Every structure is written in C-alpha cells, then in structure tokens.
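Listing of target28.cif; format and content: mmCIF, C-alpha atoms.
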```
data_run
#
loop_
_atom_site.group_PDB
_atom_site.id
_atom_site.type_symbol
_atom_site.label_atom_id
_atom_site.label_comp_id
_atom_site.auth_asym_id
_atom_site.auth_seq_id
_atom_site.Cartn_x
_atom_site.Cartn_y
_atom_site.Cartn_z
ATOM 1 C CA GLY A 178 69.044 142.920 174.339
ATOM 2 C CA ILE A 179 67.916 139.380 175.024
ATOM 3 C CA LYS A 180 69.939 136.287 175.733
ATOM 4 C CA PRO A 181 68.741 134.120 172.802
ATOM 5 C CA MET A 182 68.472 130.592 174.143
ATOM 6 C CA CYS A 183 65.393 129.601 172.157
ATOM 7 C CA TYR A 184 64.194 130.339 168.660
ATOM 8 C CA ALA A 185 61.235 129.454 166.452
ATOM 9 C CA ILE A 186 60.598 129.461 162.712
ATOM 10 C CA GLN A 187 57.026 129.020 161.550
ATOM 11 C CA GLY A 188 56.241 129.836 157.931
ATOM 12 C CA PRO A 189 57.382 133.416 157.269
ATOM 13 C CA LEU A 190 57.596 134.175 160.986
ATOM 14 C CA PHE A 191 60.716 133.887 163.123
ATOM 15 C CA ALA A 192 61.599 134.954 166.639
ATOM 16 C CA ALA A 193 64.169 134.464 169.394
ATOM 17 C CA ALA A 194 63.790 134.744 173.147
ATOM 18 C CA SER A 195 65.614 133.891 176.342
ATOM 19 C CA GLU A 196 62.925 131.321 177.231
ATOM 20 C CA SER A 197 60.559 129.063 175.325
ATOM 21 C CA VAL A 198 57.455 130.280 177.160
ATOM 22 C CA ALA A 199 57.683 133.692 175.455
ATOM 23 C CA LEU A 200 57.595 132.081 172.012
ATOM 24 C CA LEU A 201 54.783 129.718 173.001
ATOM 25 C CA ASN A 202 52.688 132.659 174.198
ATOM 26 C CA LEU A 203 53.328 134.492 170.913
ATOM 27 C CA GLY A 204 51.560 131.650 169.127
ATOM 28 C CA PHE A 205 54.426 129.503 167.848
ATOM 29 C CA ASP A 206 53.779 125.752 167.859
ATOM 30 C CA GLN A 207 55.773 123.939 170.535
ATOM 31 C CA ALA A 208 57.250 121.618 167.888
ATOM 32 C CA ASN A 209 58.815 124.640 166.154
ATOM 33 C CA ILE A 210 60.543 126.000 169.281
ATOM 34 C CA LYS A 211 64.183 124.929 169.480
ATOM 35 C CA SER A 212 67.060 125.523 171.888
ATOM 36 C CA LEU A 213 70.055 127.419 170.542
ATOM 37 C CA GLU A 214 73.054 125.117 170.770
ATOM 38 C CA PRO A 215 76.378 126.328 172.232
ATOM 39 C CA GLY A 216 78.647 127.834 169.594
ATOM 40 C CA TRP A 217 75.754 128.942 167.372
ATOM 41 C CA ALA A 218 74.489 132.472 166.749
ATOM 42 C CA ILE A 219 71.225 133.843 165.396
ATOM 43 C CA THR A 220 71.628 136.419 162.652
ATOM 44 C CA ILE A 221 68.815 138.595 161.361
ATOM 45 C CA GLU A 222 69.745 140.635 158.296
ATOM 46 C CA ASP A 223 67.523 142.120 155.564
ATOM 47 C CA ASP A 224 64.510 140.451 157.194
ATOM 48 C CA LYS A 225 66.153 137.053 156.905
ATOM 49 C CA PHE A 226 66.711 134.729 159.857
ATOM 50 C CA SER A 227 69.736 132.438 159.839
ATOM 51 C CA LEU A 228 71.671 130.197 162.211
ATOM 52 C CA GLU A 229 75.449 130.353 162.024
ATOM 53 C CA LYS A 230 78.021 128.222 163.802
ATOM 54 C CA TYR A 231 80.913 130.402 164.969
ATOM 55 C CA THR A 232 82.932 128.043 167.195
ATOM 56 C CA ASP A 233 83.282 124.472 168.399
ATOM 57 C CA PRO A 234 82.642 124.618 172.156
ATOM 58 C CA PRO A 235 84.774 122.189 174.184
ATOM 59 C CA ARG A 236 81.820 121.283 176.391
ATOM 60 C CA LYS A 237 78.320 122.238 177.435
ATOM 61 C CA ALA A 238 77.925 124.089 180.714
ATOM 62 C CA HIS A 239 74.314 125.213 181.052
ATOM 63 C CA CYS A 240 73.668 127.171 184.261
ATOM 64 C CA PHE A 241 71.744 124.824 186.572
ATOM 65 C CA PHE A 242 70.326 127.850 188.407
ATOM 66 C CA GLU A 243 68.039 128.475 185.419
ATOM 67 C CA TRP A 244 66.047 125.374 186.388
ATOM 68 C CA ILE A 245 66.253 126.149 190.111
ATOM 69 C CA TYR A 246 65.291 129.827 190.119
ATOM 70 C CA PHE A 247 65.683 132.075 187.087
ATOM 71 C CA ALA A 248 63.564 130.456 184.399
ATOM 72 C CA ASN A 249 59.802 130.666 184.129
ATOM 73 C CA VAL A 250 58.280 127.452 185.449
ATOM 74 C CA ALA A 251 56.443 126.988 182.117
ATOM 75 C CA SER A 252 59.665 127.056 180.081
ATOM 76 C CA THR A 253 61.669 124.224 178.573
ATOM 77 C CA LEU A 254 65.469 124.600 178.480
ATOM 78 C CA ASP A 255 67.616 122.263 176.379
ATOM 79 C CA GLY A 256 64.621 119.960 176.125
ATOM 80 C CA ARG A 257 64.142 119.740 179.898
ATOM 81 C CA SER A 258 60.981 121.140 181.527
ATOM 82 C CA VAL A 259 61.637 123.628 184.321
ATOM 83 C CA TYR A 260 58.479 122.471 186.096
ATOM 84 C CA LEU A 261 59.479 118.796 185.982
ATOM 85 C CA SER A 262 62.985 119.633 187.213
ATOM 86 C CA ARG A 263 61.619 121.548 190.194
ATOM 87 C CA THR A 264 59.177 118.727 190.892
ATOM 88 C CA ALA A 265 62.104 116.290 190.877
ATOM 89 C CA LEU A 266 63.933 118.522 193.370
ATOM 90 C CA GLY A 267 60.919 118.211 195.687
ATOM 91 C CA VAL A 268 61.094 114.427 195.411
ATOM 92 C CA GLU A 269 64.794 114.643 196.319
ATOM 93 C CA LEU A 270 63.895 116.724 199.390
ATOM 94 C CA ALA A 271 61.304 114.160 200.492
ATOM 95 C CA LYS A 272 63.762 111.271 200.061
ATOM 96 C CA LEU A 273 66.331 113.133 202.132
ATOM 97 C CA GLU A 274 63.732 113.815 204.828
ATOM 98 C CA MET A 275 62.688 110.180 205.018
ATOM 99 C CA LYS A 276 66.312 109.050 205.097
ATOM 100 C CA LYS A 277 67.505 111.552 207.719
ATOM 101 C CA GLY A 278 64.336 111.788 209.826
ATOM 102 C CA GLY A 279 64.351 114.129 212.813
ATOM 103 C CA VAL A 280 60.974 115.839 212.420
ATOM 104 C CA PRO A 281 58.061 113.545 213.386
ATOM 105 C CA LEU A 282 55.252 113.856 210.848
ATOM 106 C CA GLY A 283 51.844 114.538 212.373
ATOM 107 C CA GLU A 284 48.531 116.293 211.840
ATOM 108 C CA ASP A 285 50.067 119.638 212.742
ATOM 109 C CA CYS A 286 52.718 119.377 209.961
ATOM 110 C CA ILE A 287 52.340 121.274 206.695
ATOM 111 C CA VAL A 288 54.613 122.118 203.782
ATOM 112 C CA VAL A 289 54.729 125.800 202.812
ATOM 113 C CA PRO A 290 56.490 127.041 199.657
ATOM 114 C CA VAL A 291 58.284 130.371 199.512
ATOM 115 C CA PRO A 292 56.502 131.767 196.427
ATOM 116 C CA ASP A 293 56.746 131.494 193.569
ATOM 117 C CA THR A 294 59.738 129.472 192.402
ATOM 118 C CA SER A 295 59.534 126.912 195.234
ATOM 119 C CA LYS A 296 55.947 125.845 194.653
ATOM 120 C CA ALA A 297 56.596 122.858 192.369
ATOM 121 C CA ALA A 298 59.253 121.463 194.720
ATOM 122 C CA ALA A 299 57.021 121.992 197.781
ATOM 123 C CA ASP A 300 54.051 120.281 196.107
ATOM 124 C CA ALA A 301 56.159 117.246 195.222
ATOM 125 C CA MET A 302 57.763 117.050 198.671
ATOM 126 C CA ALA A 303 54.373 117.198 200.399
ATOM 127 C CA TYR A 304 52.927 114.524 198.096
ATOM 128 C CA GLU A 305 55.838 112.160 198.747
ATOM 129 C CA LEU A 306 55.653 112.703 202.539
ATOM 130 C CA GLY A 307 51.857 112.411 202.617
ATOM 131 C CA ILE A 308 51.244 115.732 204.387
ATOM 132 C CA PRO A 309 49.319 118.825 203.221
ATOM 133 C CA VAL A 310 50.898 121.667 201.285
ATOM 134 C CA ARG A 311 49.472 125.123 202.021
ATOM 135 C CA GLU A 312 50.116 128.564 200.616
ATOM 136 C CA GLY A 313 50.835 130.201 203.941
ATOM 137 C CA LEU A 314 52.788 133.058 202.375
ATOM 138 C CA ILE A 315 51.332 135.562 199.935
ATOM 139 C CA ARG A 316 53.866 137.306 197.734
ATOM 140 C CA ASN A 317 53.831 141.073 197.401
ATOM 141 C CA ARG A 318 53.675 141.458 193.605
ATOM 142 C CA TYR A 319 55.326 144.871 193.759
ATOM 143 C CA ALA A 320 58.450 143.748 195.625
ATOM 144 C CA GLY A 321 60.304 142.402 192.589
ATOM 145 C CA ARG A 322 62.969 139.679 192.773
ATOM 146 C CA THR A 323 65.176 140.561 195.726
ATOM 147 C CA PHE A 324 67.967 138.247 194.595
ATOM 148 C CA ILE A 325 68.522 140.677 191.703
ATOM 149 C CA GLU A 326 67.841 143.871 193.694
ATOM 150 C CA GLY A 327 70.976 145.593 194.944
ATOM 151 C CA GLY A 328 72.189 147.129 198.209
ATOM 152 C CA GLU A 329 69.695 148.728 200.597
ATOM 153 C CA GLY A 330 66.833 148.077 198.213
ATOM 154 C CA ARG A 331 67.314 144.347 198.652
ATOM 155 C CA ALA A 332 67.019 144.425 202.446
ATOM 156 C CA MET A 333 64.062 146.813 202.454
ATOM 157 C CA LYS A 334 62.076 144.821 199.913
ATOM 158 C CA ALA A 335 62.942 141.476 201.523
ATOM 159 C CA ALA A 336 61.326 142.606 204.786
ATOM 160 C CA THR A 337 57.905 143.024 203.174
ATOM 161 C CA LYS A 338 58.189 140.618 200.259
ATOM 162 C CA TYR A 339 55.751 138.087 201.776
ATOM 163 C CA THR A 340 52.673 138.311 203.998
ATOM 164 C CA PRO A 341 52.243 135.311 206.341
ATOM 165 C CA LEU A 342 48.678 134.004 206.735
ATOM 166 C CA LYS A 343 47.990 133.407 210.419
ATOM 167 C CA GLU A 344 44.909 131.342 209.586
ATOM 168 C CA VAL A 345 47.169 128.828 207.804
ATOM 169 C CA LEU A 346 50.340 128.925 209.902
ATOM 170 C CA GLU A 347 49.222 129.329 213.519
ATOM 171 C CA GLY A 348 50.224 126.420 215.747
ATOM 172 C CA LYS A 349 51.718 124.458 212.868
ATOM 173 C CA ARG A 350 55.052 122.756 212.418
ATOM 174 C CA ILE A 351 56.125 123.996 209.008
ATOM 175 C CA PHE A 352 58.434 122.585 206.377
ATOM 176 C CA LEU A 353 59.343 125.862 204.669
ATOM 177 C CA VAL A 354 60.608 125.050 201.167
ATOM 178 C CA GLU A 355 62.935 127.572 199.511
ATOM 179 C CA ASP A 356 64.601 127.256 196.101
ATOM 180 C CA SER A 357 67.987 128.481 197.360
ATOM 181 C CA ILE A 358 69.691 130.638 199.967
ATOM 182 C CA VAL A 359 72.264 133.005 198.485
ATOM 183 C CA ARG A 360 72.801 135.891 200.921
ATOM 184 C CA SER A 361 70.050 134.937 203.436
ATOM 185 C CA THR A 362 68.567 138.469 203.279
ATOM 186 C CA THR A 363 65.076 137.217 202.441
ATOM 187 C CA MET A 364 65.121 134.168 204.702
ATOM 188 C CA THR A 365 66.281 135.974 207.854
ATOM 189 C CA GLY A 366 63.460 138.517 207.713
ATOM 190 C CA LEU A 367 60.872 135.981 206.606
ATOM 191 C CA LEU A 368 61.316 133.562 209.504
ATOM 192 C CA GLY A 369 60.681 136.291 212.065
ATOM 193 C CA ARG A 370 57.481 137.330 210.294
ATOM 194 C CA ILE A 371 56.258 133.723 210.112
ATOM 195 C CA ARG A 372 56.640 133.410 213.888
ATOM 196 C CA ASP A 373 55.445 136.904 214.892
ATOM 197 C CA ILE A 374 52.605 137.377 212.413
ATOM 198 C CA GLY A 375 51.861 133.801 211.390
ATOM 199 C CA GLY A 376 52.137 132.211 214.831
ATOM 200 C CA ALA A 377 53.978 129.106 213.593
ATOM 201 C CA LYS A 378 55.048 126.640 216.292
ATOM 202 C CA GLU A 379 58.140 125.331 214.468
ATOM 203 C CA ILE A 380 59.873 126.238 211.204
ATOM 204 C CA HIS A 381 62.007 123.633 209.432
ATOM 205 C CA VAL A 382 63.700 125.145 206.371
ATOM 206 C CA ARG A 383 64.289 122.807 203.432
ATOM 207 C CA VAL A 384 66.342 124.135 200.525
ATOM 208 C CA ALA A 385 65.888 122.632 197.045
ATOM 209 C CA CYS A 386 69.511 123.393 196.209
ATOM 210 C CA PRO A 387 72.944 122.754 197.738
ATOM 211 C CA PRO A 388 74.688 125.612 199.584
ATOM 212 C CA ILE A 389 75.896 128.460 197.361
ATOM 213 C CA VAL A 390 79.612 128.522 198.166
ATOM 214 C CA ALA A 391 81.214 130.441 195.301
ATOM 215 C CA PRO A 392 80.430 133.557 193.232
ATOM 216 C CA CYS A 393 79.196 133.604 189.644
ATOM 217 C CA PHE A 394 81.385 135.410 187.119
ATOM 218 C CA TYR A 395 79.157 134.780 184.127
ATOM 219 C CA GLY A 396 76.572 137.529 184.625
ATOM 220 C CA ILE A 397 74.765 136.713 187.889
ATOM 221 C CA ASP A 398 74.873 139.254 190.739
ATOM 222 C CA MET A 399 76.922 137.403 193.355
ATOM 223 C CA SER A 400 80.510 138.341 192.713
ATOM 224 C CA ARG A 401 82.137 138.012 196.178
ATOM 225 C CA VAL A 402 82.484 135.067 198.545
ATOM 226 C CA SER A 403 81.957 137.414 201.502
ATOM 227 C CA GLU A 404 78.408 138.208 200.250
ATOM 228 C CA LEU A 405 77.307 134.580 200.492
ATOM 229 C CA PHE A 406 75.603 132.943 203.462
ATOM 230 C CA ALA A 407 77.038 129.421 203.472
ATOM 231 C CA PRO A 408 80.866 129.799 203.244
ATOM 232 C CA LYS A 409 81.306 131.363 206.678
ATOM 233 C CA PHE A 410 79.669 128.288 208.230
ATOM 234 C CA LEU A 411 81.281 125.656 206.004
ATOM 235 C CA ARG A 412 84.761 127.164 206.444
ATOM 236 C CA GLY A 413 85.980 125.157 203.485
ATOM 237 C CA GLY A 414 84.709 121.876 204.943
ATOM 238 C CA PRO A 415 81.810 119.535 204.118
ATOM 239 C CA LEU A 416 78.122 120.162 204.798
ATOM 240 C CA THR A 417 77.496 118.269 208.049
ATOM 241 C CA ASP A 418 74.485 118.051 210.346
ATOM 242 C CA GLU A 419 76.373 120.192 212.849
ATOM 243 C CA VAL A 420 77.005 122.914 210.240
ATOM 244 C CA GLN A 421 73.332 122.906 209.255
ATOM 245 C CA ARG A 422 72.300 123.254 212.903
ATOM 246 C CA GLU A 423 74.602 126.257 213.206
ATOM 247 C CA MET A 424 73.073 127.772 210.057
ATOM 248 C CA ALA A 425 69.551 127.155 211.365
ATOM 249 C CA ALA A 426 70.332 128.919 214.639
ATOM 250 C CA SER A 427 71.743 131.889 212.729
ATOM 251 C CA LEU A 428 68.580 132.207 210.641
ATOM 252 C CA GLY A 429 66.192 131.581 213.531
ATOM 253 C CA ALA A 430 64.898 128.250 212.189
ATOM 254 C CA ASP A 431 64.279 125.084 214.183
ATOM 255 C CA SER A 432 66.220 123.114 211.589
ATOM 256 C CA LEU A 433 67.753 123.535 208.137
ATOM 257 C CA ARG A 434 68.525 120.997 205.458
ATOM 258 C CA TYR A 435 70.047 121.438 201.989
ATOM 259 C CA LEU A 436 70.077 119.035 199.054
ATOM 260 C CA PRO A 437 73.434 117.431 198.209
ATOM 261 C CA VAL A 438 75.248 118.480 195.016
ATOM 262 C CA GLU A 439 74.583 115.204 193.201
ATOM 263 C CA SER A 440 70.809 115.721 193.434
ATOM 264 C CA ILE A 441 70.954 118.609 190.958
ATOM 265 C CA ALA A 442 72.089 116.588 187.944
ATOM 266 C CA ARG A 443 69.510 113.894 188.772
ATOM 267 C CA ALA A 444 66.673 116.415 188.989
ATOM 268 C CA VAL A 445 67.608 118.406 185.890
ATOM 269 C CA GLY A 446 68.265 115.280 183.850
ATOM 270 C CA PHE A 447 71.777 116.075 182.624
ATOM 271 C CA SER A 448 75.133 114.745 183.698
ATOM 272 C CA ALA A 449 77.140 117.016 185.987
ATOM 273 C CA ASP A 450 79.705 117.740 183.259
ATOM 274 C CA GLU A 451 76.944 119.211 181.043
ATOM 275 C CA LEU A 452 76.060 121.800 183.698
ATOM 276 C CA CYS A 453 77.800 124.783 185.211
ATOM 277 C CA GLN A 454 77.630 124.105 188.955
ATOM 278 C CA ALA A 455 80.463 126.453 189.926
ATOM 279 C CA CYS A 456 78.448 128.297 192.577
ATOM 280 C CA ILE A 457 77.843 125.039 194.483
ATOM 281 C CA THR A 458 81.163 123.292 193.796
ATOM 282 C CA ALA A 459 83.688 126.140 193.229
ATOM 283 C CA GLU A 460 84.734 124.279 190.067
ATOM 284 C CA TYR A 461 84.344 126.582 187.063
ATOM 285 C CA PRO A 462 83.873 125.463 183.438
ATOM 286 C CA THR A 463 86.456 127.992 182.195
ATOM 287 C CA ILE A 464 90.027 128.813 183.201
ATOM 288 C CA HIS A 465 89.221 132.489 183.681
ATOM 289 C CA GLY A 466 86.281 131.658 185.936
ATOM 290 C CA GLN A 467 88.628 129.703 188.186
ATOM 291 C CA ARG A 468 91.094 132.600 188.177
ATOM 292 C CA MET A 469 88.356 135.077 189.100
ATOM 293 C CA TYR A 470 87.356 132.811 191.988
ATOM 294 C CA GLN A 471 90.895 132.825 193.348
ATOM 295 C CA LEU A 472 91.029 136.634 193.017
ATOM 296 C CA SER A 473 87.734 136.847 194.957
ATOM 297 C CA LEU A 474 89.184 134.686 197.744
ATOM 298 C CA ASP A 475 92.309 136.860 197.857
ATOM 299 C CA GLU A 476 90.280 140.095 197.984
ATOM 300 C CA ASP A 477 88.158 138.754 200.846
ATOM 301 C CA GLY A 478 91.242 137.496 202.699
ATOM 302 C CA ILE A 479 90.170 133.860 202.520
ATOM 303 C CA ALA A 480 92.951 131.310 202.329
#
```
Can you give me the file's structure in the form of structure tokens?
Amino acid sequence: GIKPMCYAIQGPLFAAASESVALLNLGFDQANIKSLEPGWAITIEDDKFSLEKYTDPPRKAHCFFEWIYFANVASTLDGRSVYLSRTALGVELAKLEMKKGGVPLGEDCIVVPVPDTSKAAADAMAYELGIPVREGLIRNRYAGRTFIEGGEGRAMKAATKYTPLKEVLEGKRIFLVEDSIVRSTTMTGLLGRIRDIGGAKEIHVRVACPPIVAPCFYGIDMSRVSELFAPKFLRGGPLTDEVQREMAASLGADSLRYLPVESIARAVGFSADELCQACITAEYPTIHGQRMYQLSLDEDGIA
C-alpha cells in the first residue's frame, strides 16, 4: 500500500499518492493537489472518495528527511517545494563555508554533487561561492538506493554506485556535496574511487544535513545507534571542528563539514516543533519513540 500524503479531486476523478509529483504526472491540476493533514484519513468505498477526521493530533511532526533525501525533487510536501528546500540547504552550506573558511577558493576548485538528491544543494552552494559545479560522478541507474538496501547488498552496491569522471575531477580540489551520511557505507567507498579513478587532488565533503545521531522508529531502516556513523565520534558531545577532522580522517577526506541542526527548519520553512528531527537531535515527538531510543542505547551498551 501507499502512504497517502497527497490527494487530488478533479471532477469525477480522485486519487491519492505518497507524493504530489505522482498526481501531477497523472494529469491532475496542481491547484487540485492537497496535502493530507495529520489526523485525517482517506476512505474509498463504493467508488466514493471521502476525507474523515479520526483524531486530534497534539502536534505536527513531519519527517524532515523527506525534504533532504526521500522525496522526489519535483514534489511539494505540506506546501513546501522539495527542490526549494534543497536549494536553501545549499545556501546554508555556502554561508557556513564563507563563515568558517579553511579552503581557499581558486580556479582549481569545483563543486560536485553526489547524485541525485544532492544536486539542488550543490548547485546553490556553487552559485553562492562563485565557483563551477560539475557532474563529476555518474550514477549507476541499476544500483538502487543503498540507504534502503540491507546487509551485504548495501556494501556491494555502494562500491559501484557511482562512476567518477577523470576528465572532470583530475587535479581538482573538490567540494563533494552529499545530502546526508547515515552509515558512511557509500561515502567511504566513493572517496577512494574519486582519488584512484578520478585523480582528484583534494576532497572536501560538505553534508547538507546535521549528523545522524539517533535511530528512526517510525518506519525508516536505521534502528540501532551502533549502525550510525556519527555517534562514535561525537561520544555524546557537541559537533566541534576537532570531531569533524576526526570524521574526515576516518572517511579519507581532506575535510568534512556538516550543517547545524537549526539550518534544517530554516531551509524547509517550518518551525522546529512542526518537524520530526529525532534522528539529528535524539528528541522524539512521541513518548514511545523516546522509550525505544533508550532501549536501543541499552542494547548497544551506550550509557
């Protein structure tokens, strides 16, 4: 079944889908495509479409990761364009780069997105910094989405998920823009290929998301703290420059920089209390989510 987040009614026609882009491509007018509000259900019975309110939700808590990674870039969620949100994340990355400094910008600098979800952020970052953006990585269309892939399949597919273009990358200092780092499976293998096959001189990883520090218990495949990349470096403390240098060395990057938590609400266009940001704050919107988090810490032997 689908997760009905959007619906459309147009004359005798009605439909529901997890994203607005599916309804738009079916021919529904954009003005007729609506977001399903929390506490409401779609019922289809005897060829009749109806909306029914079944509860009064105490708050909204839309998963911010939809805008970062999961949703199609052409979709609109709760009235907020996925493309514009990812573009805003790229602007946040550029502002952070200009504020922090550290990598001198020159003719040998380029911005390279990790396809496909990072492209809008990379384009915006490059524009703000005034340096070129190049598609130096070509995605293997048969590799699937390795974040979702499980076990050995994830590692095997991650190794060949992207083909570096030597003609684009050789001798360059690269700002490699990624939407997020969850387990680091993809990133670890990718950086080696960019150096060995692409011939890059330097690789500076920029992540359009804060560190993922806690599991998701609402249907996303990251259920244990021990599976995640960032917690073993943060050790329960703040994200410092020293921690990011340690992370960069572990991945094989010349530098690594994440966005701060507060940048997410700004980019998406909602207040923090309207979003579920549990995986980046360890603060869950439900009591049982918080309990599951504590159980995960106990199982992994983390105090």
*Given the file above and the PyMOL selection byres ((chain A and resi 316) around 8), which residues are selected, and can you give them as number ranges by chain?*
A: 292-293, 314-315, 317-318, 338-340
*Kindly indicate which residue among A:Asp450, A:Glu196, A:Asp224, A:Glu312 lies nearest to Asn249 (chain A), using all atoms listed in the file for the distances.*
A:Glu196
_For CA of Asp356 (chain A) and CA of Ser473 (chain A), the interatomic separation in Å (one decimal)_ = 25.1 Å
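Checking A:Met182, A:Val289, A:Ala192, A:Val268 one by one against Ser252 (chain A), counting all atoms listed in the file, you find the shortest gap at A:Met182.
Near Ala385 (chain A), within a cut-off of 8 Å and counting all atoms listed in the file, sit the residues Ile245, Leu266, Gly267, Leu270, Ser295, Ala298, Val354, Glu355, Asp356, Ser357, Arg383, Pro387, Tyr435 and Leu436 of chain A, with same-chain residues fewer than 2 positions away left out.
For the atom pair formed by CA of Met469 (chain A) and CA of Val359 (chain A), the distance is 18.7 Å, given to one decimal.
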Contacts of Glu214 (chain A) at 12 Å or less, counting all atoms listed in the file, minus same-chain residues fewer than 2 places along, as a PDB file with C-alpha atoms, in the frame of the given file?
```
ATOM      1  CA  PRO A 181      68.741 134.120 172.802  1.00  0.00           C
ATOM      2  CA  MET A 182      68.472 130.592 174.143  1.00  0.00           C
ATOM      3  CA  CYS A 183      65.393 129.601 172.157  1.00  0.00           C
ATOM      4  CA  TYR A 184      64.194 130.339 168.660  1.00  0.00           C
ATOM      5  CA  LYS A 211      64.183 124.929 169.480  1.00  0.00           C
ATOM      6  CA  SER A 212      67.060 125.523 171.888  1.00  0.00           C
ATOM      7  CA  GLY A 216      78.647 127.834 169.594  1.00  0.00           C
ATOM      8  CA  TRP A 217      75.754 128.942 167.372  1.00  0.00           C
ATOM      9  CA  ALA A 218      74.489 132.472 166.749  1.00  0.00           C
ATOM     10  CA  ILE A 219      71.225 133.843 165.396  1.00  0.00           C
ATOM     11  CA  LEU A 228      71.671 130.197 162.211  1.00  0.00           C
ATOM     12  CA  GLU A 229      75.449 130.353 162.024  1.00  0.00           C
ATOM     13  CA  LYS A 230      78.021 128.222 163.802  1.00  0.00           C
ATOM     14  CA  TYR A 231      80.913 130.402 164.969  1.00  0.00           C
ATOM     15  CA  THR A 232      82.932 128.043 167.195  1.00  0.00           C
ATOM     16  CA  ASP A 233      83.282 124.472 168.399  1.00  0.00           C
ATOM     17  CA  PRO A 234      82.642 124.618 172.156  1.00  0.00           C
ATOM     18  CA  ARG A 236      81.820 121.283 176.391  1.00  0.00           C
ATOM     19  CA  LYS A 237      78.320 122.238 177.435  1.00  0.00           C
ATOM     20  CA  ALA A 238      77.925 124.089 180.714  1.00  0.00           C
ATOM     21  CA  HIS A 239      74.314 125.213 181.052  1.00  0.00           C
ATOM     22  CA  LEU A 254      65.469 124.600 178.480  1.00  0.00           C
ATOM     23  CA  ASP A 255      67.616 122.263 176.379  1.00  0.00           C
ATOM     24  CA  GLY A 256      64.621 119.960 176.125  1.00  0.00           C
TER      25      GLY A 256
END
```
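All polymer residues at most 8 Å from (64.8, 125.9, 185.2), using all atoms listed in the file, appear as Phe241, Phe242, Glu243, Trp244, Ile245, Tyr246, Phe247, Ala248, Asn249, Val250, Ser252, Thr253, Leu254, Ser258, Val259, Tyr260, Ser262 and Arg263 of chain A.
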*Tell me, in Å to one decimal, how far CA of Pro235 (chain A) is from CA of Cys456 (chain A).*
20.4 Å
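Restricting the calculation to only C-alpha atoms, the smallest distance between Val291 (chain A) and any of A:Thr363, A:Cys240, A:Ser197, A:Lys225 is found for A:Thr363.
Shortest atom-to-atom contact with Asp431 (chain A) among A:Arg412, A:Arg468, A:His381, A:Arg311: A:His381, counting only C-alpha atoms.
When all atoms listed in the file are used to compute distances to Leu213 (chain A), the closest of the residues A:Ala193, A:Asp300, A:Arg401, A:Gly376 turns out to be A:Ala193.
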*Given the file shown, determine the residues that the PyMOL selection byres ((chain A and resi 416) around 12) selects; report them as number ranges by chain.*
A: 387-390, 407-415, 417-424, 433-438, 457-458
*asked:* Using only C-alpha atoms for the distances, tell me which of A:Glu269, A:Leu368, A:Thr337, A:Tyr319 is nearest to Tyr304 (chain A).
replied: A:Glu269
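Omitting Ala459 (chain A) and its sequence neighbours fewer than 6 positions away, and counting only C-alpha atoms, the residues within 10 Å are Ile389, Val390, Ala391, Pro392, Cys393, Gly466, Gln467, Tyr470 and Gln471 of chain A.
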*Neighbours of Ile371 (chain A) within 12 Å (only C-alpha atoms; same-chain residues fewer than 5 positions away dropped), as number ranges by chain?*
A: 289, 291, 313-315, 336-337, 339-353, 364-366, 376-382, 429-430
Box for region 282-291 of chain A - axis-aligned, 8 Å on each of the six sides, all listed atoms - centre and size in Å to one decimal, as JSON.
```
{"center_x": 53.4, "center_y": 122.1, "center_z": 206.1, "size_x": 25.8, "size_y": 32.5, "size_z": 29.2}
```
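Residues selected in this file by the PyMOL selection byres ((chain A and resi 360) around 6) comprise Val359, Ser361, Thr362, Leu405 and Phe406 of chain A.
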Completion step: region 363-377 of chain A with N, CA and C atoms as a CSV table (one decimal), keeping the file's coordinate frame:
```
chain,number,residue,atom,x,y,z
A,363,THR,N,66.5,137.5,202.4
A,363,THR,CA,65.1,137.2,202.4
A,363,THR,C,64.7,136.3,203.6
A,364,MET,N,65.5,135.2,203.7
A,364,MET,CA,65.1,134.2,204.7
A,364,MET,C,65.1,134.7,206.1
A,365,THR,N,66.2,135.5,206.5
A,365,THR,CA,66.3,136.0,207.9
A,365,THR,C,65.1,136.8,208.3
A,366,GLY,N,64.6,137.7,207.4
A,366,GLY,CA,63.5,138.5,207.7
A,366,GLY,C,62.2,137.7,207.7
A,367,LEU,N,62.1,136.8,206.8
A,367,LEU,CA,60.9,136.0,206.6
A,367,LEU,C,60.6,135.1,207.8
A,368,LEU,N,61.6,134.5,208.4
A,368,LEU,CA,61.3,133.6,209.5
A,368,LEU,C,60.7,134.3,210.7
A,369,GLY,N,61.2,135.5,211.0
A,369,GLY,CA,60.7,136.3,212.1
A,369,GLY,C,59.2,136.6,211.8
A,370,ARG,N,58.9,137.0,210.6
A,370,ARG,CA,57.5,137.3,210.3
A,370,ARG,C,56.6,136.1,210.4
A,371,ILE,N,57.1,134.9,210.0
A,371,ILE,CA,56.3,133.7,210.1
A,371,ILE,C,55.9,133.4,211.6
A,372,ARG,N,56.9,133.7,212.5
A,372,ARG,CA,56.6,133.4,213.9
A,372,ARG,C,55.8,134.5,214.5
A,373,ASP,N,56.1,135.8,214.2
A,373,ASP,CA,55.4,136.9,214.9
A,373,ASP,C,54.0,137.1,214.3
A,374,ILE,N,53.9,137.1,213.0
A,374,ILE,CA,52.6,137.4,212.4
A,374,ILE,C,51.8,136.1,212.2
A,375,GLY,N,52.5,135.1,211.7
A,375,GLY,CA,51.9,133.8,211.4
A,375,GLY,C,51.6,132.9,212.6
A,376,GLY,N,52.4,133.0,213.6
A,376,GLY,CA,52.1,132.2,214.8
A,376,GLY,C,52.5,130.8,214.7
A,377,ALA,N,53.5,130.5,213.8
A,377,ALA,CA,54.0,129.1,213.6
A,377,ALA,C,54.6,128.6,214.9
```
